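Student: Contents of upload26.txt (compact mmCIF, N, CA and C atoms) are below:
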# COMPACT_ATOMS: atom_id res chain seq x y z
N MET A 955 -18.24 -91.80 -8.56
CA MET A 955 -16.96 -92.49 -8.51
C MET A 955 -16.96 -93.51 -7.39
N ARG A 956 -17.41 -93.10 -6.23
CA ARG A 956 -17.35 -94.00 -5.08
C ARG A 956 -18.54 -94.94 -5.00
N VAL A 957 -19.47 -94.84 -5.94
CA VAL A 957 -20.63 -95.75 -5.95
C VAL A 957 -20.52 -96.68 -7.15
N GLN A 958 -20.63 -96.13 -8.35
CA GLN A 958 -20.63 -96.95 -9.56
C GLN A 958 -19.29 -97.65 -9.79
N PHE A 959 -18.18 -96.97 -9.53
CA PHE A 959 -16.86 -97.53 -9.79
C PHE A 959 -16.13 -97.91 -8.49
N ARG A 960 -16.89 -98.24 -7.47
CA ARG A 960 -16.33 -98.56 -6.17
C ARG A 960 -15.24 -99.64 -6.23
N PRO A 961 -15.40 -100.69 -7.03
CA PRO A 961 -14.35 -101.73 -7.06
C PRO A 961 -12.99 -101.21 -7.57
N THR A 962 -12.98 -100.11 -8.31
CA THR A 962 -11.72 -99.60 -8.84
C THR A 962 -11.12 -98.51 -7.97
N TYR A 963 -11.84 -98.10 -6.93
CA TYR A 963 -11.37 -97.01 -6.06
C TYR A 963 -10.53 -97.58 -4.92
N ASP A 964 -9.34 -97.02 -4.74
CA ASP A 964 -8.45 -97.47 -3.68
C ASP A 964 -8.18 -96.30 -2.74
N PRO A 965 -8.87 -96.27 -1.58
CA PRO A 965 -8.70 -95.14 -0.68
C PRO A 965 -7.28 -95.00 -0.11
N SER A 966 -6.50 -96.07 -0.13
CA SER A 966 -5.13 -95.97 0.37
C SER A 966 -4.25 -95.14 -0.57
N LEU A 967 -4.63 -95.04 -1.83
CA LEU A 967 -3.88 -94.21 -2.79
C LEU A 967 -4.41 -92.78 -2.85
N ASP A 968 -5.69 -92.63 -2.53
CA ASP A 968 -6.34 -91.32 -2.62
C ASP A 968 -6.19 -90.57 -1.30
N THR A 969 -4.99 -90.10 -1.03
CA THR A 969 -4.72 -89.44 0.25
C THR A 969 -4.41 -87.96 0.08
N PHE A 970 -4.62 -87.43 -1.10
CA PHE A 970 -4.33 -86.01 -1.33
C PHE A 970 -5.32 -85.16 -0.54
N ARG A 971 -4.82 -84.18 0.18
CA ARG A 971 -5.67 -83.32 1.00
C ARG A 971 -6.09 -82.10 0.19
N LEU A 972 -7.39 -82.02 -0.10
CA LEU A 972 -7.91 -80.94 -0.92
C LEU A 972 -7.78 -79.58 -0.26
N GLU A 973 -7.65 -79.56 1.06
CA GLU A 973 -7.47 -78.29 1.75
C GLU A 973 -6.22 -77.57 1.26
N TYR A 974 -5.23 -78.34 0.80
CA TYR A 974 -3.99 -77.74 0.31
C TYR A 974 -4.19 -77.02 -1.02
N LEU A 975 -5.29 -77.29 -1.69
CA LEU A 975 -5.60 -76.58 -2.93
C LEU A 975 -6.62 -75.47 -2.68
N VAL A 976 -7.66 -75.80 -1.94
CA VAL A 976 -8.76 -74.86 -1.74
C VAL A 976 -8.31 -73.66 -0.89
N GLY A 977 -7.60 -73.91 0.19
CA GLY A 977 -7.16 -72.82 1.07
C GLY A 977 -6.30 -71.78 0.37
N PRO A 978 -5.17 -72.20 -0.22
CA PRO A 978 -4.34 -71.20 -0.92
C PRO A 978 -5.07 -70.52 -2.09
N SER A 979 -5.93 -71.26 -2.79
CA SER A 979 -6.68 -70.65 -3.89
C SER A 979 -7.62 -69.57 -3.37
N LEU A 980 -8.25 -69.83 -2.23
CA LEU A 980 -9.13 -68.83 -1.63
C LEU A 980 -8.34 -67.60 -1.18
N VAL A 981 -7.19 -67.82 -0.56
CA VAL A 981 -6.35 -66.69 -0.13
C VAL A 981 -5.90 -65.87 -1.33
N LEU A 982 -5.47 -66.55 -2.40
CA LEU A 982 -5.07 -65.82 -3.62
C LEU A 982 -6.26 -65.06 -4.21
N GLY A 983 -7.45 -65.67 -4.17
CA GLY A 983 -8.64 -65.00 -4.66
C GLY A 983 -8.97 -63.75 -3.86
N LEU A 984 -8.72 -63.81 -2.55
CA LEU A 984 -8.95 -62.64 -1.70
C LEU A 984 -7.90 -61.55 -1.94
N LEU A 985 -6.67 -61.97 -2.18
CA LEU A 985 -5.58 -60.99 -2.36
C LEU A 985 -5.51 -60.41 -3.76
N PHE A 986 -5.77 -61.23 -4.77
CA PHE A 986 -5.61 -60.80 -6.16
C PHE A 986 -6.96 -60.87 -6.87
N ASN A 987 -7.62 -59.74 -6.98
CA ASN A 987 -8.88 -59.61 -7.70
C ASN A 987 -8.95 -58.19 -8.23
N TYR A 988 -9.92 -57.94 -9.07
CA TYR A 988 -9.99 -56.61 -9.68
C TYR A 988 -10.85 -55.63 -8.88
N THR A 989 -11.85 -56.14 -8.20
CA THR A 989 -12.65 -55.34 -7.27
C THR A 989 -13.01 -56.25 -6.11
N PHE A 990 -12.99 -55.72 -4.91
CA PHE A 990 -13.21 -56.54 -3.73
C PHE A 990 -14.70 -56.70 -3.47
N VAL A 991 -15.36 -57.45 -4.36
CA VAL A 991 -16.77 -57.82 -4.18
C VAL A 991 -16.86 -59.34 -4.27
N PHE A 992 -17.92 -59.90 -3.73
CA PHE A 992 -18.05 -61.35 -3.62
C PHE A 992 -17.88 -62.06 -4.96
N THR A 993 -18.57 -61.62 -6.00
CA THR A 993 -18.50 -62.31 -7.29
C THR A 993 -17.10 -62.26 -7.89
N GLU A 994 -16.43 -61.14 -7.72
CA GLU A 994 -15.06 -61.01 -8.26
C GLU A 994 -14.09 -61.89 -7.49
N ILE A 995 -14.24 -61.95 -6.18
CA ILE A 995 -13.39 -62.81 -5.35
C ILE A 995 -13.62 -64.27 -5.72
N MET A 996 -14.88 -64.65 -5.90
CA MET A 996 -15.18 -66.04 -6.28
C MET A 996 -14.65 -66.37 -7.67
N TRP A 997 -14.68 -65.39 -8.59
CA TRP A 997 -14.12 -65.62 -9.93
C TRP A 997 -12.61 -65.85 -9.82
N SER A 998 -11.93 -64.99 -9.07
CA SER A 998 -10.48 -65.15 -8.90
C SER A 998 -10.16 -66.48 -8.22
N PHE A 999 -10.93 -66.81 -7.19
CA PHE A 999 -10.75 -68.09 -6.49
C PHE A 999 -10.89 -69.25 -7.47
N SER A 1000 -11.91 -69.20 -8.33
CA SER A 1000 -12.13 -70.31 -9.28
C SER A 1000 -11.00 -70.40 -10.30
N ILE A 1001 -10.46 -69.29 -10.72
CA ILE A 1001 -9.34 -69.29 -11.66
C ILE A 1001 -8.12 -69.93 -11.03
N PHE A 1002 -7.81 -69.55 -9.80
CA PHE A 1002 -6.65 -70.14 -9.11
C PHE A 1002 -6.88 -71.61 -8.79
N LEU A 1003 -8.11 -71.97 -8.40
CA LEU A 1003 -8.40 -73.37 -8.10
C LEU A 1003 -8.31 -74.23 -9.36
N GLU A 1004 -8.80 -73.71 -10.48
CA GLU A 1004 -8.72 -74.46 -11.74
C GLU A 1004 -7.27 -74.73 -12.12
N ALA A 1005 -6.38 -73.80 -11.80
CA ALA A 1005 -4.97 -73.96 -12.15
C ALA A 1005 -4.34 -75.16 -11.46
N VAL A 1006 -4.80 -75.49 -10.27
CA VAL A 1006 -4.19 -76.59 -9.51
C VAL A 1006 -5.12 -77.79 -9.35
N ALA A 1007 -6.28 -77.75 -9.98
CA ALA A 1007 -7.26 -78.83 -9.82
C ALA A 1007 -6.76 -80.17 -10.35
N ILE A 1008 -5.76 -80.19 -11.17
CA ILE A 1008 -5.22 -81.43 -11.72
C ILE A 1008 -4.30 -82.13 -10.73
N PHE A 1009 -3.89 -81.44 -9.68
CA PHE A 1009 -2.97 -82.03 -8.69
C PHE A 1009 -3.42 -83.39 -8.15
N PRO A 1010 -4.67 -83.58 -7.73
CA PRO A 1010 -5.04 -84.90 -7.20
C PRO A 1010 -4.83 -86.04 -8.21
N GLN A 1011 -5.14 -85.79 -9.47
CA GLN A 1011 -4.94 -86.84 -10.48
C GLN A 1011 -3.45 -87.10 -10.70
N LEU A 1012 -2.66 -86.04 -10.77
CA LEU A 1012 -1.22 -86.22 -10.94
C LEU A 1012 -0.61 -86.89 -9.71
N PHE A 1013 -1.17 -86.61 -8.54
CA PHE A 1013 -0.71 -87.24 -7.30
C PHE A 1013 -0.95 -88.75 -7.35
N ILE A 1014 -2.13 -89.15 -7.81
CA ILE A 1014 -2.44 -90.59 -7.94
C ILE A 1014 -1.50 -91.23 -8.95
N LEU A 1015 -1.26 -90.56 -10.07
CA LEU A 1015 -0.33 -91.10 -11.07
C LEU A 1015 1.05 -91.29 -10.48
N GLN A 1016 1.48 -90.32 -9.69
CA GLN A 1016 2.80 -90.41 -9.07
C GLN A 1016 2.85 -91.55 -8.06
N ARG A 1017 1.77 -91.75 -7.32
CA ARG A 1017 1.73 -92.82 -6.31
C ARG A 1017 1.70 -94.20 -6.94
N THR A 1018 0.92 -94.36 -8.02
CA THR A 1018 0.82 -95.67 -8.65
C THR A 1018 1.94 -95.91 -9.64
N GLY A 1019 2.43 -94.84 -10.28
CA GLY A 1019 3.51 -94.97 -11.25
C GLY A 1019 3.06 -95.37 -12.63
N GLU A 1020 1.76 -95.63 -12.79
CA GLU A 1020 1.24 -96.02 -14.11
C GLU A 1020 -0.22 -95.62 -14.23
N ALA A 1021 -0.73 -95.66 -15.45
CA ALA A 1021 -2.13 -95.30 -15.68
C ALA A 1021 -2.62 -96.00 -16.93
N GLU A 1022 -3.94 -96.15 -17.01
CA GLU A 1022 -4.55 -96.74 -18.20
C GLU A 1022 -4.48 -95.73 -19.34
N SER A 1023 -4.57 -96.25 -20.53
CA SER A 1023 -4.45 -95.42 -21.73
C SER A 1023 -5.52 -94.33 -21.77
N ILE A 1024 -6.75 -94.67 -21.44
CA ILE A 1024 -7.84 -93.69 -21.51
C ILE A 1024 -7.60 -92.54 -20.54
N THR A 1025 -7.04 -92.85 -19.38
CA THR A 1025 -6.74 -91.81 -18.39
C THR A 1025 -5.67 -90.87 -18.90
N THR A 1026 -4.63 -91.41 -19.49
CA THR A 1026 -3.55 -90.56 -19.98
C THR A 1026 -4.02 -89.69 -21.15
N HIS A 1027 -4.86 -90.25 -22.03
CA HIS A 1027 -5.38 -89.44 -23.14
C HIS A 1027 -6.29 -88.32 -22.63
N TYR A 1028 -7.07 -88.62 -21.60
CA TYR A 1028 -7.94 -87.60 -21.01
C TYR A 1028 -7.11 -86.47 -20.40
N LEU A 1029 -6.09 -86.83 -19.64
CA LEU A 1029 -5.23 -85.81 -19.04
C LEU A 1029 -4.50 -85.00 -20.10
N ALA A 1030 -4.10 -85.66 -21.17
CA ALA A 1030 -3.43 -84.94 -22.27
C ALA A 1030 -4.40 -83.95 -22.91
N ALA A 1031 -5.65 -84.37 -23.10
CA ALA A 1031 -6.65 -83.47 -23.69
C ALA A 1031 -6.87 -82.25 -22.79
N LEU A 1032 -6.93 -82.47 -21.48
CA LEU A 1032 -7.07 -81.34 -20.55
C LEU A 1032 -5.87 -80.40 -20.64
N GLY A 1033 -4.68 -80.96 -20.71
CA GLY A 1033 -3.48 -80.14 -20.80
C GLY A 1033 -3.40 -79.37 -22.10
N ILE A 1034 -3.77 -80.01 -23.19
CA ILE A 1034 -3.76 -79.33 -24.49
C ILE A 1034 -4.79 -78.21 -24.51
N TYR A 1035 -5.96 -78.49 -23.94
CA TYR A 1035 -7.01 -77.47 -23.85
C TYR A 1035 -6.48 -76.23 -23.12
N ARG A 1036 -5.82 -76.47 -22.01
CA ARG A 1036 -5.30 -75.34 -21.23
C ARG A 1036 -4.13 -74.67 -21.95
N GLY A 1037 -3.31 -75.46 -22.61
CA GLY A 1037 -2.19 -74.90 -23.37
C GLY A 1037 -2.65 -74.02 -24.52
N LEU A 1038 -3.83 -74.32 -25.08
CA LEU A 1038 -4.36 -73.51 -26.18
C LEU A 1038 -4.84 -72.14 -25.72
N TYR A 1039 -4.93 -71.95 -24.41
CA TYR A 1039 -5.24 -70.61 -23.92
C TYR A 1039 -4.12 -69.63 -24.27
N ILE A 1040 -2.89 -70.11 -24.32
CA ILE A 1040 -1.75 -69.23 -24.56
C ILE A 1040 -1.85 -68.51 -25.91
N PRO A 1041 -2.10 -69.23 -27.03
CA PRO A 1041 -2.28 -68.49 -28.29
C PRO A 1041 -3.49 -67.54 -28.24
N ASN A 1042 -4.51 -67.92 -27.49
CA ASN A 1042 -5.68 -67.05 -27.34
C ASN A 1042 -5.30 -65.74 -26.64
N TRP A 1043 -4.48 -65.83 -25.60
CA TRP A 1043 -4.04 -64.63 -24.89
C TRP A 1043 -3.21 -63.74 -25.81
N ILE A 1044 -2.34 -64.34 -26.58
CA ILE A 1044 -1.51 -63.57 -27.51
C ILE A 1044 -2.38 -62.88 -28.55
N TYR A 1045 -3.33 -63.62 -29.12
CA TYR A 1045 -4.25 -63.06 -30.11
C TYR A 1045 -5.03 -61.89 -29.52
N ARG A 1046 -5.59 -62.10 -28.33
CA ARG A 1046 -6.40 -61.04 -27.71
C ARG A 1046 -5.56 -59.83 -27.35
N TYR A 1047 -4.32 -60.05 -26.98
CA TYR A 1047 -3.45 -58.93 -26.64
C TYR A 1047 -3.20 -58.05 -27.86
N TYR A 1048 -2.96 -58.68 -29.01
CA TYR A 1048 -2.64 -57.91 -30.21
C TYR A 1048 -3.87 -57.38 -30.93
N THR A 1049 -5.01 -58.05 -30.81
CA THR A 1049 -6.19 -57.58 -31.52
C THR A 1049 -7.10 -56.71 -30.67
N GLU A 1050 -7.23 -57.04 -29.37
CA GLU A 1050 -8.13 -56.30 -28.48
C GLU A 1050 -7.38 -55.45 -27.46
N HIS A 1051 -6.06 -55.58 -27.45
CA HIS A 1051 -5.22 -54.89 -26.46
C HIS A 1051 -5.70 -55.23 -25.05
N SER A 1052 -6.03 -56.51 -24.86
CA SER A 1052 -6.55 -57.00 -23.60
C SER A 1052 -5.54 -57.93 -22.95
N PHE A 1053 -5.32 -57.73 -21.65
CA PHE A 1053 -4.41 -58.59 -20.91
C PHE A 1053 -4.99 -58.81 -19.52
N ASP A 1054 -5.21 -60.05 -19.15
CA ASP A 1054 -5.77 -60.40 -17.85
C ASP A 1054 -4.68 -61.10 -17.04
N PRO A 1055 -3.96 -60.38 -16.18
CA PRO A 1055 -2.83 -60.98 -15.48
C PRO A 1055 -3.21 -62.15 -14.58
N ILE A 1056 -4.39 -62.13 -13.98
CA ILE A 1056 -4.81 -63.23 -13.11
C ILE A 1056 -4.97 -64.51 -13.93
N ALA A 1057 -5.70 -64.43 -15.02
CA ALA A 1057 -5.93 -65.61 -15.86
C ALA A 1057 -4.63 -66.09 -16.50
N VAL A 1058 -3.79 -65.17 -16.93
CA VAL A 1058 -2.53 -65.56 -17.58
C VAL A 1058 -1.61 -66.25 -16.57
N PHE A 1059 -1.46 -65.68 -15.38
CA PHE A 1059 -0.61 -66.29 -14.37
C PHE A 1059 -1.10 -67.68 -14.01
N ALA A 1060 -2.39 -67.81 -13.72
CA ALA A 1060 -2.95 -69.12 -13.35
C ALA A 1060 -2.82 -70.12 -14.50
N GLY A 1061 -3.03 -69.67 -15.72
CA GLY A 1061 -2.90 -70.55 -16.87
C GLY A 1061 -1.48 -71.03 -17.09
N LEU A 1062 -0.53 -70.15 -16.89
CA LEU A 1062 0.88 -70.54 -17.03
C LEU A 1062 1.29 -71.53 -15.93
N VAL A 1063 0.78 -71.33 -14.72
CA VAL A 1063 1.06 -72.28 -13.64
C VAL A 1063 0.49 -73.65 -14.00
N GLN A 1064 -0.76 -73.67 -14.46
CA GLN A 1064 -1.38 -74.94 -14.81
C GLN A 1064 -0.65 -75.62 -15.96
N THR A 1065 -0.27 -74.88 -16.96
CA THR A 1065 0.45 -75.45 -18.09
C THR A 1065 1.79 -76.02 -17.63
N ALA A 1066 2.47 -75.32 -16.72
CA ALA A 1066 3.75 -75.81 -16.19
C ALA A 1066 3.57 -77.10 -15.40
N LEU A 1067 2.46 -77.24 -14.71
CA LEU A 1067 2.21 -78.47 -13.94
C LEU A 1067 2.12 -79.69 -14.84
N TYR A 1068 1.73 -79.47 -16.07
CA TYR A 1068 1.60 -80.57 -17.02
C TYR A 1068 2.93 -80.96 -17.67
N ALA A 1069 3.97 -80.19 -17.48
CA ALA A 1069 5.22 -80.41 -18.21
C ALA A 1069 5.77 -81.82 -18.04
N ASP A 1070 5.88 -82.29 -16.82
CA ASP A 1070 6.42 -83.63 -16.57
C ASP A 1070 5.50 -84.70 -17.16
N PHE A 1071 4.19 -84.52 -16.97
CA PHE A 1071 3.23 -85.47 -17.54
C PHE A 1071 3.38 -85.55 -19.06
N PHE A 1072 3.47 -84.39 -19.71
CA PHE A 1072 3.57 -84.39 -21.17
C PHE A 1072 4.87 -85.01 -21.66
N TYR A 1073 5.93 -84.85 -20.90
CA TYR A 1073 7.18 -85.50 -21.30
C TYR A 1073 7.00 -87.01 -21.38
N VAL A 1074 6.44 -87.60 -20.33
CA VAL A 1074 6.20 -89.05 -20.32
C VAL A 1074 5.17 -89.43 -21.37
N TYR A 1075 4.13 -88.62 -21.53
CA TYR A 1075 3.08 -88.91 -22.50
C TYR A 1075 3.65 -88.96 -23.92
N PHE A 1076 4.44 -87.96 -24.28
CA PHE A 1076 4.98 -87.92 -25.64
C PHE A 1076 6.06 -88.98 -25.89
N THR A 1077 6.85 -89.30 -24.88
CA THR A 1077 7.93 -90.27 -25.08
C THR A 1077 7.47 -91.72 -24.94
N LYS A 1078 6.32 -91.96 -24.34
CA LYS A 1078 5.88 -93.34 -24.15
C LYS A 1078 4.53 -93.63 -24.80
N VAL A 1079 3.49 -92.93 -24.37
CA VAL A 1079 2.14 -93.26 -24.80
C VAL A 1079 1.96 -93.09 -26.30
N LEU A 1080 2.45 -92.00 -26.85
CA LEU A 1080 2.28 -91.77 -28.29
C LEU A 1080 3.15 -92.70 -29.13
N GLN A 1081 4.07 -93.41 -28.49
CA GLN A 1081 4.88 -94.41 -29.20
C GLN A 1081 4.35 -95.82 -28.96
N GLY A 1082 3.13 -95.91 -28.38
CA GLY A 1082 2.49 -97.18 -28.21
C GLY A 1082 2.90 -97.94 -26.96
N LYS A 1083 3.64 -97.29 -26.08
CA LYS A 1083 4.08 -97.96 -24.84
C LYS A 1083 3.10 -97.60 -23.72
N ARG A 1084 3.17 -98.36 -22.65
CA ARG A 1084 2.32 -98.11 -21.48
C ARG A 1084 2.85 -96.91 -20.71
N PHE A 1085 1.94 -96.12 -20.15
CA PHE A 1085 2.31 -94.97 -19.34
C PHE A 1085 2.86 -95.46 -18.02
N GLU A 1086 4.15 -95.26 -17.82
CA GLU A 1086 4.79 -95.59 -16.56
C GLU A 1086 5.78 -94.49 -16.25
N LEU A 1087 5.72 -94.01 -15.01
CA LEU A 1087 6.67 -92.98 -14.61
C LEU A 1087 8.04 -93.61 -14.38
N PRO A 1088 9.10 -92.88 -14.69
CA PRO A 1088 10.44 -93.41 -14.43
C PRO A 1088 10.65 -93.64 -12.95
N ALA A 1089 11.38 -94.68 -12.62
CA ALA A 1089 11.63 -95.01 -11.20
C ALA A 1089 12.66 -94.11 -10.58
Any chance you could give the structure as structure tokens?

Tutor:
Amino acid sequence: MRVQFRPTYDPSLDTFRLEYLVGPSLVLGLLFNYTFVFTEIMWSFSIFLEAVAIFPQLFILQRTGEAESITTHYLAALGIYRGLYIPNWIYRYYTEHSFDPIAVFAGLVQTALYADFFYVYFTKVLQGKRFELPA
């Protein structure tokens, strides 16, 4: 990103501090896991981090107020992918009697983070308008 696409990178907009995502995700991974072993803690950490990993992109969108069409379609695809976890959880609950509270909680948080983005996406981009956040 910072080499091949350097002319399109604006460091004045990219001010999101990743410590605000990594730190709390690590703490949640330490507190909420199924067994207190390294691999389990790292799995929980990765689940929590994945739930909020979209924050830097949403932060840039909020700062600029607009985005190119390809970017919005990519973010929509990510959100739909994560949203499709919900029917999978329901299916697995009824067929396998399996419920993973860590994955479900993190997935619901991530899906909720997309709510505002999807509102603008469905009301503007899918109607052929440019993605612009309301002022």

Student: Name the closest residue to Ile1001 of chain A among the candidates A:Arg1046, A:Glu1020, A:Ser979, A:Leu1087; distances are taken between atoms, counting all atoms listed in the file.

Tutor: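 For Ile1001 of chain A, the nearest of the candidates is A:Ser979.
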
Student: List as a list in words the protein and nucleic acid residues near Asn987 of chain A, meaning an atom at most 12 Å away when only C-alpha atoms are counted, but skip any in the same chain fewer than 2 places from it.

Tutor: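 Counting only C-alpha atoms, the residues come to Ser979, Leu980, Val981, Leu982, Gly983, Leu984, Leu985, Thr989, Phe990, Val991, Phe992, Thr993, Glu994, Ile995, Met996, Trp997, Ser998, Phe999, Ser1000, Ile1001, Phe1002, Asp1054, Pro1055, Ile1056 and Ala1057 of chain A.
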
Student: For a test of reading the model, state the distance in Å between atom CA of Glu1004 of chain A and atom CA of Gln1064 of chain A, rounded to one decimal.

Tutor: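 If I compute the distance from atom CA of Glu1004 of chain A to atom CA of Gln1064 of chain A, I get 8.0 Å.
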
Student: As a compact mmCIF listing (two decimals) with N, CA and C atoms, in the coordinates of the input, please: the residues near Phe1085 of chain A (cut-off 7 Å, only N, CA and C atoms, same-chain neighbours under 4 positions excluded).

Tutor:
# COMPACT_ATOMS: atom_id res chain seq x y z
N GLY A 1019 2.43 -94.84 -10.28
CA GLY A 1019 3.51 -94.97 -11.25
C GLY A 1019 3.06 -95.37 -12.63
N GLU A 1020 1.76 -95.63 -12.79
CA GLU A 1020 1.24 -96.02 -14.11
C GLU A 1020 -0.22 -95.62 -14.23
N ALA A 1021 -0.73 -95.66 -15.45
CA ALA A 1021 -2.13 -95.30 -15.68
C ALA A 1021 -2.62 -96.00 -16.93
N GLU A 1022 -3.94 -96.15 -17.01
CA GLU A 1022 -4.55 -96.74 -18.20
C GLU A 1022 -4.48 -95.73 -19.34
N SER A 1023 -4.57 -96.25 -20.53
CA SER A 1023 -4.45 -95.42 -21.73
C SER A 1023 -5.52 -94.33 -21.77
N VAL A 1074 6.44 -87.60 -20.33
CA VAL A 1074 6.20 -89.05 -20.32
C VAL A 1074 5.17 -89.43 -21.37
N TYR A 1075 4.13 -88.62 -21.53
CA TYR A 1075 3.08 -88.91 -22.50
C TYR A 1075 3.65 -88.96 -23.92
N LYS A 1078 6.32 -91.96 -24.34
CA LYS A 1078 5.88 -93.34 -24.15
C LYS A 1078 4.53 -93.63 -24.80
N VAL A 1079 3.49 -92.93 -24.37
CA VAL A 1079 2.14 -93.26 -24.80
C VAL A 1079 1.96 -93.09 -26.30

Student: According to DSSP computed on the backbone, where in chain A is there alpha helix (DSSP H)? Give the residues as a ChimeraX atom specification.

Tutor: /A:973-985,992-1006,1009-1018,1023-1037,1039-1050,1055-1067,1069-1077

Student: Given the choices A:Arg1036, A:Val1058, A:Glu1050, A:Ile1024, which gets closest to Arg1084 of chain A if the distance is worked out from only C-alpha atoms?

Tutor: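 Going through A:Arg1036, A:Val1058, A:Glu1050, A:Ile1024 one by one, the smallest distance to Arg1084 of chain A is for A:Ile1024.
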